[in-house]
file work.pdb (PDB, C-alpha atoms)
ATOM      1  CA  MET A   1     -73.307-219.479 -65.964  1.00  0.00           C
ATOM      2  CA  LYS A   2     -71.141-220.432 -63.009  1.00  0.00           C
ATOM      3  CA  TYR A   3     -68.528-222.040 -65.252  1.00  0.00           C
ATOM      4  CA  LEU A   4     -67.774-218.640 -66.772  1.00  0.00           C
ATOM      5  CA  SER A   5     -67.634-216.738 -63.499  1.00  0.00           C
ATOM      6  CA  TRP A   6     -64.533-215.269 -61.855  1.00  0.00           C
ATOM      7  CA  GLU A   7     -65.249-217.404 -58.808  1.00  0.00           C
ATOM      8  CA  TYR A   8     -65.083-220.599 -60.851  1.00  0.00           C
ATOM      9  CA  PHE A   9     -61.671-219.709 -62.234  1.00  0.00           C
ATOM     10  CA  LEU A  10     -60.172-218.389 -59.001  1.00  0.00           C
ATOM     11  CA  LYS A  11     -61.937-220.073 -56.090  1.00  0.00           C
ATOM     12  CA  GLN A  12     -59.230-222.666 -55.455  1.00  0.00           C
ATOM     13  CA  ARG A  13     -56.351-220.194 -55.598  1.00  0.00           C
ATOM     14  CA  LEU A  14     -54.947-217.530 -53.349  1.00  0.00           C
ATOM     15  CA  LEU A  15     -55.998-214.381 -55.160  1.00  0.00           C
ATOM     16  CA  TRP A  16     -53.229-212.080 -53.996  1.00  0.00           C
ATOM     17  CA  VAL A  17     -50.551-214.406 -55.388  1.00  0.00           C
ATOM     18  CA  ASP A  18     -52.237-214.501 -58.788  1.00  0.00           C
ATOM     19  CA  ALA A  19     -52.884-210.749 -58.619  1.00  0.00           C
ATOM     20  CA  VAL A  20     -49.213-209.997 -57.938  1.00  0.00           C
ATOM     21  CA  ARG A  21     -48.251-212.225 -60.848  1.00  0.00           C
ATOM     22  CA  GLY A  22     -50.914-210.511 -62.940  1.00  0.00           C
ATOM     23  CA  LEU A  23     -49.423-207.133 -62.037  1.00  0.00           C
ATOM     24  CA  ALA A  24     -46.052-208.431 -63.216  1.00  0.00           C
ATOM     25  CA  ILE A  25     -47.702-209.480 -66.476  1.00  0.00           C
ATOM     26  CA  VAL A  26     -49.166-205.999 -66.994  1.00  0.00           C
ATOM     27  CA  LEU A  27     -45.818-204.335 -66.288  1.00  0.00           C
ATOM     28  CA  MET A  28     -44.045-206.808 -68.578  1.00  0.00           C
ATOM     29  CA  VAL A  29     -46.436-206.072 -71.451  1.00  0.00           C
ATOM     30  CA  ILE A  30     -45.854-202.329 -70.980  1.00  0.00           C
ATOM     31  CA  PHE A  31     -42.088-202.880 -70.842  1.00  0.00           C
ATOM     32  CA  HIS A  32     -42.036-205.005 -73.984  1.00  0.00           C
ATOM     33  CA  PHE A  33     -44.264-202.552 -75.855  1.00  0.00           C
ATOM     34  CA  CYS A  34     -41.800-199.784 -75.028  1.00  0.00           C
ATOM     35  CA  TYR A  35     -38.947-202.053 -76.090  1.00  0.00           C
ATOM     36  CA  ASP A  36     -40.683-202.757 -79.396  1.00  0.00           C
ATOM     37  CA  LEU A  37     -41.148-199.037 -80.018  1.00  0.00           C
ATOM     38  CA  ARG A  38     -37.364-198.704 -79.829  1.00  0.00           C
ATOM     39  CA  TYR A  39     -36.753-201.878 -81.841  1.00  0.00           C
ATOM     40  CA  PHE A  40     -38.884-200.612 -84.723  1.00  0.00           C
ATOM     41  CA  GLY A  41     -37.279-197.176 -84.599  1.00  0.00           C
ATOM     42  CA  TYR A  42     -40.120-195.068 -83.229  1.00  0.00           C
ATOM     43  CA  VAL A  43     -38.154-193.918 -80.166  1.00  0.00           C
ATOM     44  CA  ASP A  44     -34.507-193.864 -79.103  1.00  0.00           C
ATOM     45  CA  TRP A  45     -34.960-194.942 -75.490  1.00  0.00           C
ATOM     46  CA  HIS A  46     -32.092-196.897 -73.957  1.00  0.00           C
ATOM     47  CA  ILE A  47     -34.184-199.937 -73.103  1.00  0.00           C
ATOM     48  CA  PRO A  48     -33.742-202.424 -71.458  1.00  0.00           C
ATOM     49  CA  ASN A  49     -30.526-201.396 -69.715  1.00  0.00           C
ATOM     50  CA  GLY A  50     -30.838-197.618 -69.518  1.00  0.00           C
ATOM     51  CA  PRO A  51     -30.776-195.891 -66.107  1.00  0.00           C
ATOM     52  CA  HIS A  52     -34.542-195.445 -66.079  1.00  0.00           C
ATOM     53  CA  TRP A  53     -35.353-198.883 -67.473  1.00  0.00           C
ATOM     54  CA  TRP A  54     -33.315-201.496 -65.630  1.00  0.00           C
ATOM     55  CA  PRO A  55     -35.080-200.810 -62.271  1.00  0.00           C
ATOM     56  CA  PHE A  56     -38.397-201.331 -64.066  1.00  0.00           C
ATOM     57  CA  ARG A  57     -37.170-204.651 -65.450  1.00  0.00           C
ATOM     58  CA  TYR A  58     -35.804-205.747 -62.065  1.00  0.00           C
ATOM     59  CA  LEU A  59     -39.162-205.005 -60.428  1.00  0.00           C
ATOM     60  CA  ILE A  60     -40.932-207.189 -62.980  1.00  0.00           C
ATOM     61  CA  ILE A  61     -38.486-210.062 -62.513  1.00  0.00           C
ATOM     62  CA  THR A  62     -38.719-209.766 -58.721  1.00  0.00           C
ATOM     63  CA  LEU A  63     -42.512-210.052 -58.792  1.00  0.00           C
ATOM     64  CA  PHE A  64     -42.378-213.044 -61.120  1.00  0.00           C
ATOM     65  CA  VAL A  65     -39.619-214.906 -59.309  1.00  0.00           C
ATOM     66  CA  PHE A  66     -40.922-214.309 -55.778  1.00  0.00           C
ATOM     67  CA  THR A  67     -44.390-215.584 -56.718  1.00  0.00           C
ATOM     68  CA  VAL A  68     -42.797-218.634 -58.328  1.00  0.00           C
ATOM     69  CA  GLY A  69     -41.352-219.506 -54.927  1.00  0.00           C
ATOM     70  CA  VAL A  70     -44.609-218.765 -53.135  1.00  0.00           C
ATOM     71  CA  SER A  71     -46.649-220.851 -55.575  1.00  0.00           C
ATOM     72  CA  LEU A  72     -44.177-223.719 -55.387  1.00  0.00           C
ATOM     73  CA  SER A  73     -44.547-223.829 -51.618  1.00  0.00           C
ATOM     74  CA  LEU A  74     -48.337-223.519 -51.653  1.00  0.00           C
ATOM     75  CA  ALA A  75     -48.662-226.332 -54.176  1.00  0.00           C
ATOM     76  CA  HIS A  76     -46.292-228.832 -52.600  1.00  0.00           C
ATOM     77  CA  LYS A  77     -45.460-228.077 -48.965  1.00  0.00           C
ATOM     78  CA  ASN A  78     -48.134-230.408 -47.554  1.00  0.00           C
ATOM     79  CA  SER A  79     -47.556-233.191 -50.061  1.00  0.00           C
ATOM     80  CA  PHE A  80     -45.522-233.346 -53.237  1.00  0.00           C
ATOM     81  CA  ASN A  81     -47.845-233.494 -56.251  1.00  0.00           C
ATOM     82  CA  LYS A  82     -45.621-235.305 -58.728  1.00  0.00           C
ATOM     83  CA  THR A  83     -48.036-235.174 -61.661  1.00  0.00           C
ATOM     84  CA  THR A  84     -48.698-231.435 -61.343  1.00  0.00           C
ATOM     85  CA  PHE A  85     -45.028-230.639 -60.897  1.00  0.00           C
ATOM     86  CA  ILE A  86     -43.851-232.684 -63.895  1.00  0.00           C
ATOM     87  CA  LYS A  87     -46.607-231.230 -66.082  1.00  0.00           C
ATOM     88  CA  ARG A  88     -45.651-227.680 -65.120  1.00  0.00           C
ATOM     89  CA  ILE A  89     -41.939-228.280 -65.664  1.00  0.00           C
ATOM     90  CA  ALA A  90     -42.662-229.832 -69.060  1.00  0.00           C
ATOM     91  CA  GLN A  91     -44.754-226.802 -70.055  1.00  0.00           C
ATOM     92  CA  LEU A  92     -41.952-224.467 -69.006  1.00  0.00           C
ATOM     93  CA  ILE A  93     -39.235-226.433 -70.808  1.00  0.00           C
ATOM     94  CA  VAL A  94     -41.215-226.631 -74.042  1.00  0.00           C
ATOM     95  CA  SER A  95     -42.122-222.931 -73.829  1.00  0.00           C
ATOM     96  CA  ALA A  96     -38.519-221.949 -73.067  1.00  0.00           C
ATOM     97  CA  ALA A  97     -37.308-224.012 -76.015  1.00  0.00           C
ATOM     98  CA  ALA A  98     -39.850-222.284 -78.257  1.00  0.00           C
ATOM     99  CA  ILE A  99     -38.585-218.880 -77.093  1.00  0.00           C
ATOM    100  CA  THR A 100     -34.990-219.905 -77.848  1.00  0.00           C
ATOM    101  CA  ILE A 101     -35.876-221.184 -81.321  1.00  0.00           C
ATOM    102  CA  MET A 102     -37.895-218.080 -82.159  1.00  0.00           C
ATOM    103  CA  SER A 103     -35.095-215.821 -80.935  1.00  0.00           C
ATOM    104  CA  LEU A 104     -32.597-217.613 -83.194  1.00  0.00           C
ATOM    105  CA  PHE A 105     -34.597-216.357 -86.168  1.00  0.00           C
ATOM    106  CA  LEU A 106     -35.389-212.878 -84.832  1.00  0.00           C
ATOM    107  CA  PHE A 107     -32.124-212.087 -83.026  1.00  0.00           C
ATOM    108  CA  SER A 108     -29.486-214.326 -84.559  1.00  0.00           C
ATOM    109  CA  ASN A 109     -26.648-212.469 -82.827  1.00  0.00           C
ATOM    110  CA  ALA A 110     -28.415-212.117 -79.478  1.00  0.00           C
ATOM    111  CA  TRP A 111     -30.599-215.196 -79.179  1.00  0.00           C
ATOM    112  CA  ILE A 112     -32.112-216.126 -75.820  1.00  0.00           C
ATOM    113  CA  TYR A 113     -30.425-219.045 -74.093  1.00  0.00           C
ATOM    114  CA  PHE A 114     -31.524-218.416 -70.488  1.00  0.00           C
ATOM    115  CA  GLY A 115     -34.430-216.029 -70.235  1.00  0.00           C
ATOM    116  CA  ILE A 116     -37.177-215.817 -67.642  1.00  0.00           C
ATOM    117  CA  LEU A 117     -38.850-219.106 -68.620  1.00  0.00           C
ATOM    118  CA  HIS A 118     -35.546-220.985 -68.633  1.00  0.00           C
ATOM    119  CA  PHE A 119     -34.820-219.559 -65.198  1.00  0.00           C
ATOM    120  CA  ILE A 120     -38.236-220.444 -63.780  1.00  0.00           C
ATOM    121  CA  ALA A 121     -37.879-224.048 -64.993  1.00  0.00           C
ATOM    122  CA  ALA A 122     -34.405-224.409 -63.458  1.00  0.00           C
ATOM    123  CA  ALA A 123     -35.352-222.568 -60.260  1.00  0.00           C
ATOM    124  CA  SER A 124     -38.446-224.736 -59.814  1.00  0.00           C
ATOM    125  CA  LEU A 125     -36.317-227.870 -59.954  1.00  0.00           C
ATOM    126  CA  LEU A 126     -33.993-226.387 -57.334  1.00  0.00           C
ATOM    127  CA  GLY A 127     -36.755-224.817 -55.256  1.00  0.00           C
ATOM    128  CA  ILE A 128     -38.786-227.993 -54.822  1.00  0.00           C
ATOM    129  CA  LEU A 129     -35.913-229.397 -52.760  1.00  0.00           C
ATOM    130  CA  LEU A 130     -36.473-226.801 -50.018  1.00  0.00           C
ATOM    131  CA  VAL A 131     -40.269-226.635 -49.903  1.00  0.00           C
ATOM    132  CA  ARG A 132     -40.395-228.804 -46.766  1.00  0.00           C
ATOM    133  CA  VAL A 133     -37.654-226.785 -45.017  1.00  0.00           C
ATOM    134  CA  PRO A 134     -38.813-223.152 -45.361  1.00  0.00           C
ATOM    135  CA  TYR A 135     -36.471-221.735 -42.722  1.00  0.00           C
ATOM    136  CA  ILE A 136     -33.486-223.179 -44.554  1.00  0.00           C
ATOM    137  CA  SER A 137     -34.898-221.742 -47.763  1.00  0.00           C
ATOM    138  CA  LEU A 138     -35.051-218.286 -46.161  1.00  0.00           C
ATOM    139  CA  VAL A 139     -31.453-218.617 -44.980  1.00  0.00           C
ATOM    140  CA  ILE A 140     -30.129-219.836 -48.322  1.00  0.00           C
ATOM    141  CA  GLY A 141     -32.054-217.140 -50.181  1.00  0.00           C
ATOM    142  CA  SER A 142     -30.625-214.451 -47.909  1.00  0.00           C
ATOM    143  CA  VAL A 143     -27.099-215.864 -48.253  1.00  0.00           C
ATOM    144  CA  ILE A 144     -27.372-215.858 -52.050  1.00  0.00           C
ATOM    145  CA  LEU A 145     -28.509-212.230 -52.122  1.00  0.00           C
ATOM    146  CA  LEU A 146     -25.804-211.196 -49.658  1.00  0.00           C
ATOM    147  CA  GLY A 147     -23.160-213.149 -51.546  1.00  0.00           C
ATOM    148  CA  TYR A 148     -24.170-211.517 -54.804  1.00  0.00           C
ATOM    149  CA  TRP A 149     -24.218-208.056 -53.234  1.00  0.00           C
ATOM    150  CA  LEU A 150     -20.706-208.643 -51.848  1.00  0.00           C
ATOM    151  CA  GLY A 151     -19.455-209.754 -55.252  1.00  0.00           C
ATOM    152  CA  LEU A 152     -18.881-213.360 -54.173  1.00  0.00           C
ATOM    153  CA  LEU A 153     -21.386-214.827 -56.632  1.00  0.00           C
ATOM    154  CA  SER A 154     -21.259-214.185 -60.352  1.00  0.00           C
ATOM    155  CA  ASN A 155     -24.311-213.595 -62.502  1.00  0.00           C
ATOM    156  CA  THR A 156     -22.563-215.368 -65.387  1.00  0.00           C
ATOM    157  CA  TRP A 157     -22.245-218.731 -63.611  1.00  0.00           C
ATOM    158  CA  PRO A 158     -22.369-221.417 -64.980  1.00  0.00           C
ATOM    159  CA  PHE A 159     -22.586-219.988 -68.499  1.00  0.00           C
ATOM    160  CA  GLU A 160     -19.009-218.694 -68.330  1.00  0.00           C
ATOM    161  CA  TRP A 161     -17.880-222.306 -68.666  1.00  0.00           C
ATOM    162  CA  PHE A 162     -19.194-222.561 -72.228  1.00  0.00           C
ATOM    163  CA  SER A 163     -19.359-218.922 -73.269  1.00  0.00           C
ATOM    164  CA  GLN A 164     -17.681-219.730 -76.586  1.00  0.00           C
ATOM    165  CA  TRP A 165     -20.928-221.302 -77.770  1.00  0.00           C
ATOM    166  CA  LEU A 166     -23.143-218.470 -76.564  1.00  0.00           C
ATOM    167  CA  PRO A 167     -23.787-215.034 -78.073  1.00  0.00           C
ATOM    168  CA  ASN A 168     -21.933-212.053 -76.616  1.00  0.00           C
ATOM    169  CA  ASP A 169     -25.285-210.387 -75.973  1.00  0.00           C
ATOM    170  CA  THR A 170     -28.785-211.758 -75.498  1.00  0.00           C
ATOM    171  CA  GLU A 171     -32.258-210.273 -75.693  1.00  0.00           C
ATOM    172  CA  ASP A 172     -33.287-211.719 -72.319  1.00  0.00           C
ATOM    173  CA  PHE A 173     -31.096-213.039 -69.519  1.00  0.00           C
ATOM    174  CA  VAL A 174     -32.208-213.939 -65.990  1.00  0.00           C
ATOM    175  CA  PRO A 175     -29.156-215.403 -64.211  1.00  0.00           C
ATOM    176  CA  LEU A 176     -29.301-217.864 -61.354  1.00  0.00           C
ATOM    177  CA  PHE A 177     -27.632-215.309 -59.093  1.00  0.00           C
ATOM    178  CA  PRO A 178     -29.149-213.247 -57.565  1.00  0.00           C
ATOM    179  CA  TRP A 179     -32.613-214.359 -58.714  1.00  0.00           C
ATOM    180  CA  LEU A 180     -32.416-217.831 -57.225  1.00  0.00           C
ATOM    181  CA  GLY A 181     -32.162-216.075 -53.859  1.00  0.00           C
ATOM    182  CA  VAL A 182     -35.401-214.202 -54.498  1.00  0.00           C
ATOM    183  CA  MET A 183     -37.144-217.455 -55.423  1.00  0.00           C
ATOM    184  CA  TYR A 184     -35.903-219.161 -52.242  1.00  0.00           C
ATOM    185  CA  LEU A 185     -37.211-216.245 -50.198  1.00  0.00           C
ATOM    186  CA  GLY A 186     -40.607-216.799 -51.790  1.00  0.00           C
ATOM    187  CA  VAL A 187     -40.501-220.493 -50.901  1.00  0.00           C
ATOM    188  CA  GLY A 188     -39.516-219.686 -47.334  1.00  0.00           C
ATOM    189  CA  PHE A 189     -42.028-216.874 -46.952  1.00  0.00           C
ATOM    190  CA  ALA A 190     -44.948-219.090 -47.983  1.00  0.00           C
ATOM    191  CA  GLY A 191     -43.723-221.930 -45.802  1.00  0.00           C
ATOM    192  CA  VAL A 192     -43.146-219.921 -42.614  1.00  0.00           C
ATOM    193  CA  PHE A 193     -46.038-217.480 -42.615  1.00  0.00           C
ATOM    194  CA  PRO A 194     -49.747-218.460 -42.599  1.00  0.00           C
ATOM    195  CA  ILE A 195     -50.462-216.682 -45.856  1.00  0.00           C
ATOM    196  CA  LYS A 196     -53.507-218.826 -46.658  1.00  0.00           C
ATOM    197  CA  GLU A 197     -55.341-217.143 -43.793  1.00  0.00           C
ATOM    198  CA  PHE A 198     -55.240-213.784 -45.551  1.00  0.00           C
ATOM    199  CA  ASP A 199     -56.158-212.655 -49.021  1.00  0.00           C
ATOM    200  CA  THR A 200     -56.783-209.514 -50.982  1.00  0.00           C
ATOM    201  CA  PRO A 201     -60.365-208.217 -51.370  1.00  0.00           C
ATOM    202  CA  ARG A 202     -62.095-209.334 -54.534  1.00  0.00           C
ATOM    203  CA  ASN A 203     -63.039-206.578 -56.937  1.00  0.00           C
ATOM    204  CA  VAL A 204     -62.823-205.867 -60.647  1.00  0.00           C
ATOM    205  CA  LEU A 205     -59.129-204.965 -60.452  1.00  0.00           C
ATOM    206  CA  THR A 206     -57.906-207.870 -58.322  1.00  0.00           C
ATOM    207  CA  ASN A 207     -60.097-210.399 -60.154  1.00  0.00           C
ATOM    208  CA  ASN A 208     -58.752-209.330 -63.540  1.00  0.00           C
ATOM    209  CA  LEU A 209     -55.168-209.286 -62.301  1.00  0.00           C
ATOM    210  CA  GLY A 210     -55.745-212.690 -60.743  1.00  0.00           C
ATOM    211  CA  LEU A 211     -57.068-214.139 -63.975  1.00  0.00           C
ATOM    212  CA  MET A 212     -54.065-212.793 -65.881  1.00  0.00           C
ATOM    213  CA  GLY A 213     -51.759-214.187 -63.236  1.00  0.00           C
ATOM    214  CA  LYS A 214     -53.327-217.619 -63.508  1.00  0.00           C
ATOM    215  CA  HIS A 215     -52.804-217.622 -67.270  1.00  0.00           C
ATOM    216  CA  GLY A 216     -49.482-215.773 -67.212  1.00  0.00           C
ATOM    217  CA  LEU A 217     -47.591-218.333 -69.305  1.00  0.00           C
ATOM    218  CA  ILE A 218     -49.883-218.121 -72.306  1.00  0.00           C
ATOM    219  CA  ILE A 219     -49.942-214.308 -72.109  1.00  0.00           C
ATOM    220  CA  TYR A 220     -46.154-214.283 -71.984  1.00  0.00           C
ATOM    221  CA  LEU A 221     -45.922-216.515 -75.046  1.00  0.00           C
ATOM    222  CA  ILE A 222     -48.380-214.662 -77.280  1.00  0.00           C
ATOM    223  CA  HIS A 223     -47.987-210.981 -76.443  1.00  0.00           C
ATOM    224  CA  GLN A 224     -44.688-210.343 -78.235  1.00  0.00           C
ATOM    225  CA  PRO A 225     -45.672-212.178 -81.448  1.00  0.00           C
ATOM    226  CA  LEU A 226     -48.847-210.085 -81.480  1.00  0.00           C
ATOM    227  CA  PHE A 227     -46.872-206.879 -80.931  1.00  0.00           C
ATOM    228  CA  PHE A 228     -44.387-207.751 -83.669  1.00  0.00           C
ATOM    229  CA  ALA A 229     -47.182-208.674 -86.074  1.00  0.00           C
ATOM    230  CA  GLY A 230     -48.878-205.343 -85.329  1.00  0.00           C
ATOM    231  CA  PHE A 231     -45.732-203.287 -85.849  1.00  0.00           C
ATOM    232  CA  TYR A 232     -44.866-205.127 -89.072  1.00  0.00           C
ATOM    233  CA  ALA A 233     -48.418-204.531 -90.291  1.00  0.00           C
ATOM    234  CA  ILE A 234     -48.068-200.809 -89.554  1.00  0.00           C
ATOM    235  CA  GLN A 235     -44.758-200.677 -91.415  1.00  0.00           C
ATOM    236  CA  PHE A 236     -46.288-202.481 -94.378  1.00  0.00           C
ATOM    237  CA  ALA A 237     -49.285-200.136 -94.430  1.00  0.00           C
ATOM    238  CA  LEU A 238     -47.045-197.064 -94.366  1.00  0.00           C
ATOM    239  CA  GLN A 239     -44.862-198.155 -97.277  1.00  0.00           C
TER
END
call {"tool": "encode", "arguments": {"input": "work.pdb", "output": "structure tokens"}}
result
Amino acid sequence: MKYLSWEYFLKQRLLWVDAVRGLAIVLMVIFHFCYDLRYFGYVDWHIPNGPHWWPFRYLIITLFVFTVGVSLSLAHKNSFNKTTFIKRIAQLIVSAAAITIMSLFLFSNAWIYFGILHFIAAASLLGILLVRVPYISLVIGSVILLGYWLGLLSNTWPFEWFSQWLPNDTEDFVPLFPWLGVMYLGVGFAGVFPIKEFDTPRNVLTNNLGLMGKHGLIIYLIHQPLFFAGFYAIQFALQ
């Protein structure tokens, strides 16, 4: 049936963008599985901030954030689709709130107040302002990255203003700086270069990555609860 085919799901989208996001999803699931192994005491890896783990995490965030900028430009650079944008922002805000509430129960001393979904929601609101001016977006993105590299921009802003109400540590934190710069580069890249004229070949790998990329939000929301349920079930069975 055509309604169940890969082509039906992906025909209106640029496959390489979804495939890159899908790759980020795969890497994220691997990363979180490794994190859960440590959390439940099966390994003693220094994850997420150990010397061999933080580059892995930064790669995942870079892929996610850059494709957010690219997708934002592709969706709105010709004409702003208000309904689609508001719907997506609402989904992100509700999902981010759910992550925060869940983390309050699971990690009461390190709950998530600005993780990847919170960042994507905020960055989308800021990124939409530059969709029609991609060269400016490229410049601002580059300036943000340079400013962060030079130590002129803090990765704690603006949370340092109300740090007394926030935990000293958090299970997931994606600060505005430098990641807003990466998102702006994605917006500028998609606005300046004719990326719609090129796409990745379709095969089993790219189609599956593309499908995961298209449904990345739901995968993000359900994979950790499933992992935790599985690990708790194993612990219960071994008692």
call {"tool": "residues_near_point", "arguments": {"input": "work.pdb", "point": "(-35.7, -217.8, -59.6)", "cutoff": "7 Å", "atoms": "only C-alpha atoms", "output": "PyMOL selection string"}}
result
chain A and resi 65+119-120+123+176+179-183
call {"tool": "residues_around", "arguments": {"input": "work.pdb", "residues": "Phe227 in chain A", "least_positions_apart": "3", "cutoff": "8 Å", "atoms": "all atoms listed in the file", "output": "list in words"}}
result
Phe33, Asp36, His223, Gln224, Gly230 and Phe231 of chain A
call {"tool": "write_last_selection", "arguments": {"input": "work.pdb", "atoms": "C-alpha atoms", "output": "mmCIF file, in the coordinates of the input"}}
result
data_model
loop_
_atom_site.group_PDB
_atom_site.id
_atom_site.type_symbol
_atom_site.label_atom_id
_atom_site.label_comp_id
_atom_site.auth_asym_id
_atom_site.auth_seq_id
_atom_site.Cartn_x
_atom_site.Cartn_y
_atom_site.Cartn_z
ATOM 1 C CA PHE A 33 -44.264 -202.552 -75.855
ATOM 2 C CA ASP A 36 -40.683 -202.757 -79.396
ATOM 3 C CA HIS A 223 -47.987 -210.981 -76.443
ATOM 4 C CA GLN A 224 -44.688 -210.343 -78.235
ATOM 5 C CA GLY A 230 -48.878 -205.343 -85.329
ATOM 6 C CA PHE A 231 -45.732 -203.287 -85.849
#
call {"tool": "atom_distance", "arguments": {"input": "work.pdb", "atom1": "CA of Ile219 in chain A", "atom2": "CA of Phe189 in chain A"}}
result
26.5 Å
call {"tool": "resolve_selection", "arguments": {"input": "work.pdb", "expression": "the PyMOL selection byres ((chain A and resi 107-109) around 9)", "output": "PyMOL selection string"}}
result
chain A and resi 102-106+110-112+167-171
call {"tool": "atom_distance", "arguments": {"input": "work.pdb", "atom1": "CA of Thr62 in chain A", "atom2": "CA of Phe40 in chain A"}}
result
27.6 Å
call {"tool": "residues_around", "arguments": {"input": "work.pdb", "residues": "Gly147 in chain A", "least_positions_apart": "6", "cutoff": "12 Å", "atoms": "all atoms listed in the file", "output": "list in words"}}
result
Val139, Ile140, Gly141, Leu153, Ser154, Asn155, Phe177, Pro178, Trp179, Leu180 and Gly181 of chain A
call {"tool": "residues_around", "arguments": {"input": "work.pdb", "residues": "Ala19 in chain A", "least_positions_apart": "4", "cutoff": "6 Å", "atoms": "only C-alpha atoms", "output": "list in words"}}
result
Leu15, Thr206, Leu209, Gly210 and Gly213 of chain A
call {"tool": "write_last_selection", "arguments": {"input": "work.pdb", "atoms": "C-alpha atoms", "output": "compact mmCIF listing (two decimals), in the frame of the given file"}}
result
# COMPACT_ATOMS: atom_id res chain seq x y z
CA LEU A 15 -56.00 -214.38 -55.16
CA THR A 206 -57.91 -207.87 -58.32
CA LEU A 209 -55.17 -209.29 -62.30
CA GLY A 210 -55.74 -212.69 -60.74
CA GLY A 213 -51.76 -214.19 -63.24
call {"tool": "closest_residue", "arguments": {"input": "work.pdb", "among": "A:Ile234, A:Leu14, A:Ala190, A:Ile60", "to": "His32 in chain A", "atoms": "only C-alpha atoms"}}
result
A:Ile60
call {"tool": "closest_residue", "arguments": {"input": "work.pdb", "among": "A:Val131, A:Val43, A:Ala97, A:Leu185", "to": "Asn78 in chain A", "atoms": "all atoms listed in the file"}}
result
A:Val131
call {"tool": "axis_aligned_box", "arguments": {"input": "work.pdb", "around": "range 82-99 of chain A", "padding_each_side": "3 Å", "output": "AutoDock Vina command-line options"}}
result
--center_x -43.0 --center_y -227.1 --center_z -68.5 --size_x 17.4 --size_y 22.4 --size_z 25.5
call {"tool": "closest_residue", "arguments": {"input": "work.pdb", "among": "A:Val26, A:Leu117, A:Trp16, A:Glu197", "to": "Ala96 in chain A", "atoms": "only C-alpha atoms"}}
result
A:Leu117
